[in-house]
$ cat final.cif   # mmCIF, C-alpha atoms and all ligand atoms
data_query
#
loop_
_atom_site.label_atom_id
_atom_site.label_comp_id
_atom_site.auth_asym_id
_atom_site.auth_seq_id
_atom_site.Cartn_x
_atom_site.Cartn_y
_atom_site.Cartn_z
CA MET P 1 107.01 69.08 91.36
CA THR P 2 108.07 72.14 93.39
CA ALA P 3 107.12 75.73 92.56
CA VAL P 4 108.61 78.90 94.02
CA ILE P 5 106.42 81.99 93.76
CA THR P 6 107.83 85.38 94.69
CA GLY P 7 105.12 87.64 96.02
CA GLY P 8 103.20 84.41 96.62
CA THR P 9 101.48 85.69 99.75
CA ALA P 10 98.92 88.19 98.43
CA GLY P 11 96.83 89.10 95.42
CA LEU P 12 97.67 87.15 92.28
CA GLY P 13 100.59 85.36 93.95
CA SER P 14 98.47 83.77 96.69
CA GLN P 15 95.96 82.63 94.04
CA LEU P 16 98.83 81.13 92.02
CA ALA P 17 99.91 79.26 95.14
CA LYS P 18 96.41 77.80 95.54
CA GLY P 19 96.27 76.90 91.85
CA PHE P 20 99.63 75.16 91.85
CA LEU P 21 98.73 73.26 95.03
CA SER P 22 95.52 72.11 93.35
CA ALA P 23 97.58 70.98 90.38
CA GLY P 24 99.59 68.76 92.75
CA ALA P 25 102.74 70.86 93.23
CA GLN P 26 104.61 71.71 96.40
CA VAL P 27 104.63 75.47 96.76
CA VAL P 28 107.05 77.89 98.38
CA CYS P 29 105.65 81.41 98.76
CA ALA P 30 108.35 84.07 99.08
CA ALA P 31 107.68 87.60 100.30
CA ARG P 32 108.37 89.87 103.25
CA GLY P 33 105.09 88.94 104.98
CA PRO P 34 102.71 85.92 104.85
CA HIS P 35 99.64 88.17 104.41
CA GLU P 36 96.80 86.10 102.87
CA ILE P 37 98.29 82.60 103.04
CA THR P 38 98.15 81.70 106.73
CA ASP P 39 95.14 79.39 106.16
CA LEU P 40 96.80 77.83 103.13
CA LEU P 41 99.95 77.11 105.16
CA ALA P 42 97.89 75.58 107.96
CA ASP P 43 95.89 73.45 105.51
CA HIS P 44 98.97 72.14 103.66
CA PRO P 45 101.83 71.92 106.20
CA GLU P 46 103.68 69.30 104.14
CA ARG P 47 103.30 70.89 100.71
CA ALA P 48 103.25 74.66 101.31
CA ALA P 49 105.83 76.92 102.90
CA PHE P 50 106.44 80.62 103.46
CA VAL P 51 110.00 81.93 103.22
CA HIS P 52 110.74 85.48 104.26
CA THR P 53 112.33 87.00 101.15
CA ASP P 54 113.13 90.44 99.79
CA VAL P 55 113.54 90.26 96.01
CA ARG P 56 115.65 93.44 96.08
CA ASP P 57 118.39 91.50 97.86
CA PRO P 58 120.26 88.85 95.83
CA ASP P 59 121.42 87.04 98.99
CA SER P 60 117.80 86.67 100.07
CA LEU P 61 116.97 84.95 96.76
CA HIS P 62 119.93 82.59 97.03
CA LEU P 63 118.81 81.57 100.53
CA LEU P 64 115.28 81.05 99.21
CA MET P 65 116.38 78.78 96.37
CA THR P 66 118.92 76.75 98.31
CA GLY P 67 116.50 76.37 101.23
CA THR P 68 113.73 75.22 98.89
CA ALA P 69 116.00 72.69 97.17
CA GLU P 70 117.10 71.35 100.55
CA ARG P 71 113.56 71.00 101.87
CA PHE P 72 111.78 69.69 98.77
CA GLY P 73 114.70 68.16 96.86
CA ARG P 74 114.24 70.13 93.64
CA ILE P 75 112.84 73.26 92.02
CA ASP P 76 110.79 72.81 88.86
CA ILE P 77 108.86 76.06 88.51
CA VAL P 78 109.82 79.62 89.42
CA VAL P 79 107.26 82.40 89.13
CA ALA P 80 108.83 85.85 89.40
CA ASN P 81 105.60 87.54 90.43
CA ALA P 82 106.55 90.03 93.17
CA GLY P 83 105.84 93.54 92.03
CA ILE P 84 104.82 96.99 93.22
CA THR P 85 103.59 100.20 91.67
CA ARG P 86 104.16 103.87 92.50
CA ASN P 87 102.01 106.30 90.57
CA GLY P 88 102.98 109.85 89.66
CA LEU P 89 103.33 112.10 86.64
CA VAL P 90 106.88 112.14 85.32
CA ALA P 91 107.26 115.85 86.15
CA ARG P 92 106.60 115.16 89.83
CA LEU P 93 107.50 111.50 90.39
CA ALA P 94 109.95 111.20 93.27
CA PRO P 95 113.23 109.62 92.10
CA SER P 96 113.01 107.37 95.16
CA ASP P 97 109.66 106.03 93.89
CA TRP P 98 111.13 105.40 90.43
CA ARG P 99 114.08 103.54 92.00
CA GLU P 100 111.81 101.54 94.32
CA VAL P 101 109.73 100.27 91.40
CA MET P 102 112.78 99.41 89.29
CA ASN P 103 114.54 97.83 92.25
CA THR P 104 111.61 95.58 93.10
CA ASN P 105 110.13 94.84 89.67
CA VAL P 106 113.21 94.69 87.44
CA ASP P 107 116.17 93.96 89.74
CA GLY P 108 113.92 91.59 91.70
CA VAL P 109 113.11 89.48 88.63
CA PHE P 110 116.79 89.41 87.64
CA HIS P 111 117.88 88.28 91.12
CA THR P 112 115.11 85.66 91.21
CA VAL P 113 116.03 84.16 87.85
CA GLN P 114 119.76 84.21 88.52
CA ALA P 115 119.39 82.47 91.89
CA ALA P 116 117.00 79.86 90.43
CA LEU P 117 119.10 79.00 87.40
CA PRO P 118 121.38 76.26 88.82
CA HIS P 119 118.37 74.49 90.34
CA LEU P 120 116.23 74.72 87.20
CA GLU P 121 119.16 73.48 85.14
CA GLN P 122 119.14 70.29 87.20
CA SER P 123 115.39 69.75 86.87
CA GLY P 124 114.87 71.03 83.32
CA GLY P 125 112.35 73.40 84.87
CA THR P 126 110.56 76.49 83.71
CA ILE P 127 110.36 80.19 84.58
CA LEU P 128 107.31 82.42 84.42
CA THR P 129 107.77 86.16 84.80
CA VAL P 130 104.81 88.47 85.37
CA SER P 131 104.38 91.57 83.29
CA SER P 132 101.27 93.71 82.77
CA ALA P 133 99.16 95.13 79.98
CA MET P 134 100.79 98.42 80.96
CA ALA P 135 104.06 97.24 79.40
CA SER P 136 102.72 98.23 75.99
CA ARG P 137 100.09 100.86 76.83
CA ALA P 138 100.40 104.44 78.07
CA VAL P 139 98.47 105.99 80.96
CA PRO P 140 99.45 109.24 82.68
CA GLY P 141 101.11 108.56 86.01
CA ALA P 142 102.16 104.98 85.28
CA SER P 143 105.63 105.55 83.78
CA ALA P 144 107.70 103.73 86.39
CA TYR P 145 105.41 100.71 86.51
CA ALA P 146 104.97 100.55 82.71
CA ALA P 147 108.71 100.89 82.06
CA SER P 148 109.49 98.19 84.62
CA LYS P 149 107.02 95.79 83.02
CA ALA P 150 108.37 96.46 79.51
CA ALA P 151 111.83 95.64 80.88
CA ILE P 152 110.53 92.35 82.28
CA GLU P 153 109.15 91.33 78.86
CA ALA P 154 112.49 92.08 77.15
CA PHE P 155 114.37 90.27 79.92
CA THR P 156 112.08 87.25 79.51
CA ARG P 157 112.88 86.92 75.80
CA CYS P 158 116.64 87.22 76.45
CA CYS P 159 116.44 84.55 79.16
CA ALA P 160 114.54 82.21 76.83
CA VAL P 161 117.32 82.58 74.24
CA GLU P 162 120.10 82.10 76.77
CA PHE P 163 118.55 79.17 78.65
CA ALA P 164 117.18 77.12 75.73
CA ALA P 165 120.32 74.98 75.58
CA ARG P 166 119.79 74.19 79.28
CA ARG P 167 116.23 72.92 78.55
CA ILE P 168 114.69 75.77 80.56
CA ARG P 169 111.61 77.44 79.08
CA VAL P 170 110.97 81.08 80.01
CA ASN P 171 107.64 82.77 79.42
CA CYS P 172 105.83 85.85 80.69
CA LEU P 173 102.26 86.16 81.92
CA SER P 174 100.82 89.60 81.14
CA PRO P 175 97.55 90.21 82.98
CA GLY P 176 95.25 93.16 82.40
CA ILE P 177 93.09 94.22 85.34
CA LEU P 178 92.28 91.37 87.74
CA ASP P 179 89.83 91.18 90.64
CA VAL P 180 92.67 90.76 93.15
CA GLY P 181 95.65 92.79 94.32
CA MET P 182 96.43 95.95 92.36
CA GLY P 183 93.56 95.29 89.95
CA GLU P 184 91.05 95.09 92.80
CA ILE P 185 92.06 98.63 93.80
CA VAL P 186 91.45 99.84 90.22
CA GLY P 187 88.06 98.11 90.16
CA ALA P 188 87.00 99.81 93.39
CA ASP P 189 87.49 103.27 91.85
CA GLU P 190 84.39 104.27 89.86
CA ARG P 191 86.34 106.79 87.75
CA LEU P 192 88.87 104.15 86.72
CA ARG P 193 86.11 101.61 86.03
CA GLN P 194 84.49 104.07 83.63
CA LEU P 195 87.85 104.62 81.95
CA TYR P 196 88.99 101.01 81.57
CA TRP P 197 85.97 98.71 81.52
CA PRO P 198 84.60 99.87 78.12
CA ARG P 199 88.08 99.35 76.62
CA MET P 200 88.06 95.63 77.40
CA LEU P 201 86.25 93.38 74.94
CA SER P 202 85.10 91.30 77.92
CA GLY P 203 83.75 94.47 79.59
CA ARG P 204 84.95 93.40 83.04
CA ALA P 205 88.02 92.71 85.15
CA GLY P 206 89.58 89.28 84.87
CA THR P 207 89.18 86.84 87.70
CA ALA P 208 92.27 85.64 89.50
CA GLN P 209 91.32 82.14 88.39
CA GLU P 210 91.49 83.17 84.72
CA ALA P 211 95.09 84.34 85.22
CA VAL P 212 95.95 81.26 87.29
CA ASP P 213 94.60 78.94 84.57
CA ALA P 214 96.92 80.61 82.05
CA ALA P 215 99.89 80.36 84.43
CA VAL P 216 99.25 76.68 85.16
CA PHE P 217 99.18 76.05 81.41
CA LEU P 218 102.39 78.00 80.72
CA VAL P 219 104.44 76.09 83.31
CA SER P 220 102.97 72.69 82.37
CA PRO P 221 104.21 70.17 79.79
CA SER P 222 101.13 71.16 77.72
CA ALA P 223 103.08 74.35 76.90
CA SER P 224 106.28 72.49 75.97
CA TYR P 225 106.41 74.30 72.59
CA VAL P 226 105.76 77.77 74.09
CA ASN P 227 108.99 79.62 74.83
CA GLY P 228 110.01 83.28 75.06
CA HIS P 229 106.35 84.25 74.81
CA VAL P 230 104.37 87.07 76.44
CA PHE P 231 100.94 85.57 77.13
CA GLU P 232 98.28 88.26 77.52
CA VAL P 233 95.28 87.64 79.77
CA ASN P 234 93.45 90.96 79.60
CA GLY P 235 89.95 90.37 78.26
CA GLY P 236 90.92 91.96 74.96
CA LEU P 237 92.34 95.29 76.14
CA LEU P 238 92.74 96.59 72.58
N1 LIG K 301 96.44 92.33 90.20
C1 LIG K 301 96.38 92.75 88.95
O1 LIG K 301 95.33 93.17 88.43
C2 LIG K 301 97.64 92.70 88.11
C3 LIG K 301 97.55 93.07 86.76
C4 LIG K 301 98.70 93.03 85.97
C5 LIG K 301 99.89 92.62 86.52
N2 LIG K 301 99.96 92.29 87.83
C6 LIG K 301 101.26 91.87 88.36
O2 LIG K 301 101.08 90.74 89.18
C7 LIG K 301 102.05 90.72 90.23
C8 LIG K 301 101.32 90.62 91.57
O3 LIG K 301 100.52 91.77 91.72
P1 LIG K 301 99.35 91.82 92.79
O4 LIG K 301 98.29 92.67 92.25
O5 LIG K 301 99.03 90.46 93.26
O6 LIG K 301 100.10 92.66 93.96
P2 LIG K 301 99.88 92.63 95.53
O7 LIG K 301 98.53 92.13 95.90
O8 LIG K 301 100.32 93.98 95.99
O9 LIG K 301 100.95 91.55 96.03
C9 LIG K 301 102.32 91.78 95.81
C10 LIG K 301 103.12 90.65 96.41
O10 LIG K 301 104.51 90.94 96.16
C11 LIG K 301 105.21 90.93 97.40
N3 LIG K 301 106.35 91.85 97.35
C12 LIG K 301 106.34 93.19 97.14
N4 LIG K 301 107.58 93.68 97.26
C13 LIG K 301 108.39 92.62 97.55
C14 LIG K 301 109.77 92.49 97.83
N5 LIG K 301 110.62 93.53 97.82
N6 LIG K 301 110.27 91.23 98.07
C15 LIG K 301 109.44 90.17 98.09
N7 LIG K 301 108.12 90.24 97.85
C16 LIG K 301 107.61 91.46 97.60
C17 LIG K 301 104.17 91.32 98.45
O11 LIG K 301 104.52 90.91 99.77
P3 LIG K 301 105.42 91.83 100.75
O12 LIG K 301 105.07 93.27 100.48
O13 LIG K 301 105.08 91.35 102.13
O14 LIG K 301 106.86 91.54 100.42
C18 LIG K 301 102.97 90.54 97.93
O15 LIG K 301 103.07 89.19 98.32
C19 LIG K 301 102.84 92.03 90.09
O16 LIG K 301 104.04 91.78 89.40
C20 LIG K 301 101.92 92.91 89.27
O17 LIG K 301 102.61 93.88 88.55
C21 LIG K 301 98.86 92.32 88.65
#

$ encode --input "final.cif" --output "structure tokens" --more "lines below"
Ligand SMILES: NC(=O)c1ccc[n+]([C@@H]2O[C@H](COP(=O)([O-])OP(=O)(O)OC[C@H]3O[C@@H](n4cnc5c(N)ncnc54)[C@H](OP(=O)(O)O)[C@@H]3O)[C@@H](O)[C@H]2O)c1
Amino acid sequence: MTAVITGGTAGLGSQLAKGFLSAGAQVVCAARGPHEITDLLADHPERAAFVHTDVRDPDSLHLLMTGTAERFGRIDIVVANAGITRNGLVARLAPSDWREVMNTNVDGVFHTVQAALPHLEQSGGTILTVSSAMASRAVPGASAYAASKAAIEAFTRCCAVEFAARRIRVNCLSPGILDVGMGEIVGADERLRQLYWPRMLSGRAGTAQEAVDAAVFLVSPSASYVNGHVFEVNGGLL
């Protein structure tokens, strides 16, 4: 079982890599830098790899997928996790920031899925995209990020419809605020904690492990009847 994780070198992605390794998979972590996974690569030289990848560049994704298939023989799981945010009120948001978010979050997921498709078709594999609670909630300053995540959810459903005949399931993991990556930055800001924490039924940020557990389920045979679904892991952010 081989999993490719874009943005698999930091935050949620590096935790997904650890979780998939623990579940017995071979893992390829794709990003521009290895960041938090140098120990993981050293500990699992046979089963874990880093591939320099820029999800904004379709050629980079094709090299990632063909290289992975050559090295590990197959691709079973693709997690389109790489994502960024640029905050700013609509009136003042720089167009370059808007384009950067769309280019990475939306175009990047499209390029990832398109490059993975022939390989997943062979293996009957599965795709997991990564959205956010922000896809369906409104906060001042988050328009680019929220719009990009809503696009990912719509794209996920269309992919599930198009790929069903090829035996490829496509689902979306939608985390709320986690204790890693972008969520860790939110949690470190007392003003934002006071704003968000009372709105979550769990009254706290989610752990990375709680999101990883959901991801491991969604890509596993246990979720064989789950398809085209947006799976929220947000502690009840109602
Ligand atoms: N953490 C949370 O609380 C939370 C909540 C909801 C949703 N999410 C979603 O979860 C995903 C991961 O977020 P995170 O918090 O873990 O972020 P993070 O800690 O900032 O990590 C982002 C990862 O994406 C990679 N990346 C960024 N731009 C890339 C590019 N152009 N090409 C390839 N890789 C790229 C980064 O590596 P390089 O910069 O070196 O390329 C890094 O590995 C995102 O889609 C985010 O929207 C996170």

$ residues_near_ligand --input "final.cif" --ligand "ligand LIG 301 (chain K)" --cutoff "7 Å" --atoms "all atoms listed in the file" --output "ChimeraX atom specification"
/P:6-13,30-35,53-56,81-84,104-105,130-133,174-184

$ closest_atom_pairs --input "final.cif" --of "range 111-201 of chain P" --to "range 222-232 of chain P" --cutoff "8 Å" --atoms "only C-alpha atoms" --output "CSV"
residue,atom,partner,partner_atom,distance
P:Ala133,CA,P:Glu232,CA,7.4
P:Glu153,CA,P:Val230,CA,6.8
P:Thr156,CA,P:Gly228,CA,6.3
P:Arg157,CA,P:Gly228,CA,4.7
P:Cys158,CA,P:Gly228,CA,7.8
P:Cys159,CA,P:Gly228,CA,7.7
P:Ala160,CA,P:Gly228,CA,5.0
P:Val161,CA,P:Gly228,CA,7.4
P:Arg169,CA,P:Asn227,CA,5.4
P:Val170,CA,P:Gly228,CA,5.5
P:Asn171,CA,P:Gly228,CA,5.0
P:Cys172,CA,P:Val230,CA,4.7
P:Leu173,CA,P:Phe231,CA,5.0
P:Ser174,CA,P:Glu232,CA,4.6
P:Pro175,CA,P:Glu232,CA,5.8
P:Gly176,CA,P:Glu232,CA,7.6

$ write_last_selection --input "final.cif" --atoms "C-alpha atoms" --output "short mmCIF file (atom, residue, chain, number, x, y, z; two decimals), keeping the file's coordinate frame"
data_model
loop_
_atom_site.label_atom_id
_atom_site.label_comp_id
_atom_site.auth_asym_id
_atom_site.auth_seq_id
_atom_site.Cartn_x
_atom_site.Cartn_y
_atom_site.Cartn_z
CA ALA P 133 99.16 95.13 79.98
CA GLU P 153 109.15 91.33 78.86
CA THR P 156 112.08 87.25 79.51
CA ARG P 157 112.88 86.92 75.80
CA CYS P 158 116.64 87.22 76.45
CA CYS P 159 116.44 84.55 79.16
CA ALA P 160 114.54 82.21 76.83
CA VAL P 161 117.32 82.58 74.24
CA ARG P 169 111.61 77.44 79.08
CA VAL P 170 110.97 81.08 80.01
CA ASN P 171 107.64 82.77 79.42
CA CYS P 172 105.83 85.85 80.69
CA LEU P 173 102.26 86.16 81.92
CA SER P 174 100.82 89.60 81.14
CA PRO P 175 97.55 90.21 82.98
CA GLY P 176 95.25 93.16 82.40
#

$ residues_around --input "final.cif" --residues "Gln209 in chain P" --least-positions-apart "4" --cutoff "9 Å" --atoms "all atoms listed in the file" --output "compact mmCIF listing (two decimals) with C-alpha atoms, in the frame of the given file"
# COMPACT_ATOMS: atom_id res chain seq x y z
CA LEU P 12 97.67 87.15 92.28
CA GLN P 15 95.96 82.63 94.04
CA LEU P 16 98.83 81.13 92.02
CA GLY P 19 96.27 76.90 91.85
CA ASP P 213 94.60 78.94 84.57
CA ALA P 214 96.92 80.61 82.05

$ atom_distance --input "final.cif" --atom1 "CA of Ala135 in chain P" --atom2 "CA of Ala147 in chain P"
6.5 Å

$ residues_around --input "final.cif" --residues "Arg86 in chain P" --least-positions-apart "3" --cutoff "10 Å" --atoms "only C-alpha atoms" --output "NGL selection string"
:P and (93-94 or 96-101 or 141-145)

$ write_last_selection --input "final.cif" --atoms "C-alpha atoms" --output "mmCIF file, in the coordinates of the input"
data_model
loop_
_atom_site.group_PDB
_atom_site.id
_atom_site.type_symbol
_atom_site.label_atom_id
_atom_site.label_comp_id
_atom_site.auth_asym_id
_atom_site.auth_seq_id
_atom_site.Cartn_x
_atom_site.Cartn_y
_atom_site.Cartn_z
ATOM 1 C CA LEU P 93 107.500 111.500 90.390
ATOM 2 C CA ALA P 94 109.950 111.200 93.270
ATOM 3 C CA SER P 96 113.010 107.370 95.160
ATOM 4 C CA ASP P 97 109.660 106.030 93.890
ATOM 5 C CA TRP P 98 111.130 105.400 90.430
ATOM 6 C CA ARG P 99 114.080 103.540 92.000
ATOM 7 C CA GLU P 100 111.810 101.540 94.320
ATOM 8 C CA VAL P 101 109.730 100.270 91.400
ATOM 9 C CA GLY P 141 101.110 108.560 86.010
ATOM 10 C CA ALA P 142 102.160 104.980 85.280
ATOM 11 C CA SER P 143 105.630 105.550 83.780
ATOM 12 C CA ALA P 144 107.700 103.730 86.390
ATOM 13 C CA TYR P 145 105.410 100.710 86.510
#

$ residues_near_point --input "final.cif" --point "(119.0, 71.7, 76.3)" --cutoff "12 Å" --atoms "only C-alpha atoms" --output "PyMOL selection string"
chain P and resi 120-125+160-169

$ closest_residue --input "final.cif" --among "P:Ser220, P:Thr68, P:Ser60, P:Thr129" --to "Ala23 in chain P" --atoms "all atoms listed in the file"
P:Ser220

$ closest_residue --input "final.cif" --among "P:Val90, P:Met65, P:Ile152, P:Val27" --to "Met102 in chain P" --atoms "only C-alpha atoms"
P:Ile152

$ residues_around --input "final.cif" --residues "Trp197 in chain P" --least-positions-apart "3" --cutoff "12 Å" --atoms "only C-alpha atoms" --output "list in words"
Gly176, Ile177, Leu178, Gly183, Val186, Gly187, Ala188, Asp189, Glu190, Arg191, Leu192, Arg193, Gln194, Met200, Leu201, Ser202, Gly203, Arg204, Ala205, Gly206, Asn234, Gly235, Gly236, Leu237 and Leu238 of chain P

$ closest_residue --input "final.cif" --among "P:Met1, P:Ile77, P:Ala115, P:Leu40" --to "Asp59 in chain P" --atoms "only C-alpha atoms"
P:Ala115

$ closest_residue --input "final.cif" --among "P:Val219, P:Ile127, P:Ala25, P:Val51" --to "Ile37 in chain P" --atoms "only C-alpha atoms"
P:Val51

$ atom_distance --input "final.cif" --atom1 "CA of Val212 in chain P" --atom2 "CA of Ala48 in chain P"
17.1 Å

$ atom_distance --input "final.cif" --atom1 "CA of His62 in chain P" --atom2 "CA of Asn103 in chain P"
16.9 Å

$ closest_residue --input "final.cif" --among "P:Val109, P:Leu195, P:Ala211, P:Ile185" --to "Phe155 in chain P" --atoms "only C-alpha atoms"
P:Val109
